[in-house]
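Step one of this worksheet: look at the structure below.
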Amino acid sequence: MEAMQLMLVDDEERFLSTTKKLLEREGYSVLTATNGSQALEMLRQKRVHVVILDVKMPGMDGNEILAQIKRQYPMTEVIMLTGHATVASAVDGLKSGASDYLMKPIDVHDLIAKAEEAFSRRQGLEAKIRVARMRHLMKSPREIIQEN
């Protein structure tokens with residue numbers, strides 16, 4: 001079974017380094033990015049299952065990054081994270097494909113639980129895709145009989 005690869009995207013360096021250390025201490029593999037461009041470049045180079053994405057960042061904000069991630073990497077689960085949540089921004093993020101929306105500060109174990117849920121959802125989708133592909137490739141008994 002594949003281990004979950006996380007990516008934290010936040011312009012607050014202290015939050016990134018502290019959260020990365022806490023997650024790694026719990027046994028998770030974590031990449032970090034301080035902005036959207038850096039995150040998108042890392043996604044091009046590495047297989048990432050769950051992105052934990054800050055909403056408020058200079059330059060490209062979290063909702064813009066979310067839209068690009070979902071367009072380019074639709075299987076990647078994204079959890080939005082903010083210290084400035086509003087109902088409108090949460091609804092926008094969820095409508096754009098975020099799997100969850102969390103408030104800072106967040107307990108690392110709550111963050112892990114949400115990331116594990118998102119990863120599990122992704123694995124379920126990947127399994128369904130594999131089954132659909134196999135069904136497409138395999139012939140039914142009727143097709144085999146008709147060939148002979």
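By convention in this document, the chains of the structure tokens carry letters A, B, ... by their order, each chain's residues are numbered from 1, and ligands are numbered from 1 in the order they are shown.
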
| field | Shell around A:Met57 at 12 Å using only C-alpha atoms, local window under 6 positions removed, as a list in words | value |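 Counting only the stated atoms, we get Val9, Asp10, Asp11, Glu12, Glu13, Ala33, Thr34, Asn35, Gly36, Ser37, Asn63, Glu64, Ile65, Leu81, Thr82, Gly83 and His84 of chain A.
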
| Within 10 Å of stretch 113-120 of chain A using only C-alpha atoms, minus same-chain residues under 2 positions, as a ChimeraX atom specification | /A:3-6,49-52,75-79,98-102,108-111,122-126

| said: Under the rule that only C-alpha atoms are counted, which of A:Thr19, A:Ala39, A:Arg25, A:Met134 is the nearest residue to A:Gly62? | reply: A:Ala39

| request: From a DSSP pass on the backbone, collect the residues of stretch 25-62 of chain A flagged as strand (DSSP E or B) and hand them back as a ChimeraX atom specification. | output: /A:29-33,50-54

Please produce a file of the residues just selected, as a PDB file, in the first residue's frame, where the atoms kept are N, CA and C atoms.
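Result file out_35.pdb:
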```pdb
ATOM      1  N   SER A  29       5.332  11.767   5.305  1.00  0.00           N
ATOM      2  CA  SER A  29       6.243  12.413   4.372  1.00  0.00           C
ATOM      3  C   SER A  29       5.606  13.737   3.957  1.00  0.00           C
ATOM      4  N   VAL A  30       6.356  14.840   4.127  1.00  0.00           N
ATOM      5  CA  VAL A  30       5.776  16.170   3.925  1.00  0.00           C
ATOM      6  C   VAL A  30       6.682  17.039   3.060  1.00  0.00           C
ATOM      7  N   LEU A  31       6.095  17.622   2.023  1.00  0.00           N
ATOM      8  CA  LEU A  31       6.748  18.645   1.221  1.00  0.00           C
ATOM      9  C   LEU A  31       6.169  19.985   1.643  1.00  0.00           C
ATOM     10  N   THR A  32       6.937  21.059   1.465  1.00  0.00           N
ATOM     11  CA  THR A  32       6.411  22.386   1.793  1.00  0.00           C
ATOM     12  C   THR A  32       6.650  23.347   0.640  1.00  0.00           C
ATOM     13  N   ALA A  33       5.744  24.309   0.517  1.00  0.00           N
ATOM     14  CA  ALA A  33       5.862  25.383  -0.466  1.00  0.00           C
ATOM     15  C   ALA A  33       5.365  26.662   0.187  1.00  0.00           C
ATOM     16  N   VAL A  50      -2.269  14.602  -0.929  1.00  0.00           N
ATOM     17  CA  VAL A  50      -3.094  15.578  -0.203  1.00  0.00           C
ATOM     18  C   VAL A  50      -2.307  16.876  -0.045  1.00  0.00           C
ATOM     19  N   VAL A  51      -2.932  17.982  -0.462  1.00  0.00           N
ATOM     20  CA  VAL A  51      -2.351  19.312  -0.291  1.00  0.00           C
ATOM     21  C   VAL A  51      -3.138  20.027   0.796  1.00  0.00           C
ATOM     22  N   ILE A  52      -2.423  20.583   1.749  1.00  0.00           N
ATOM     23  CA  ILE A  52      -3.024  21.396   2.803  1.00  0.00           C
ATOM     24  C   ILE A  52      -2.647  22.833   2.458  1.00  0.00           C
ATOM     25  N   LEU A  53      -3.647  23.616   2.073  1.00  0.00           N
ATOM     26  CA  LEU A  53      -3.431  24.883   1.384  1.00  0.00           C
ATOM     27  C   LEU A  53      -4.013  26.062   2.152  1.00  0.00           C
ATOM     28  N   ASP A  54      -3.155  27.029   2.468  1.00  0.00           N
ATOM     29  CA  ASP A  54      -3.608  28.258   3.125  1.00  0.00           C
ATOM     30  C   ASP A  54      -4.412  29.094   2.125  1.00  0.00           C
TER      31      ASP A  54
END
```

| request: May I have all residues of stretch 45-104 of chain A that DSSP, computed from the backbone, assigns to helix (DSSP H, G or I), given as a list in words? | output: Gln45, Gly62, Asn63, Glu64, Ile65, Leu66, Ala67, Gln68, Ile69, Lys70, Arg71, Gln72, Val87, Ala88, Ser89, Ala90, Val91, Asp92, Gly93, Leu94 and Lys95 of chain A
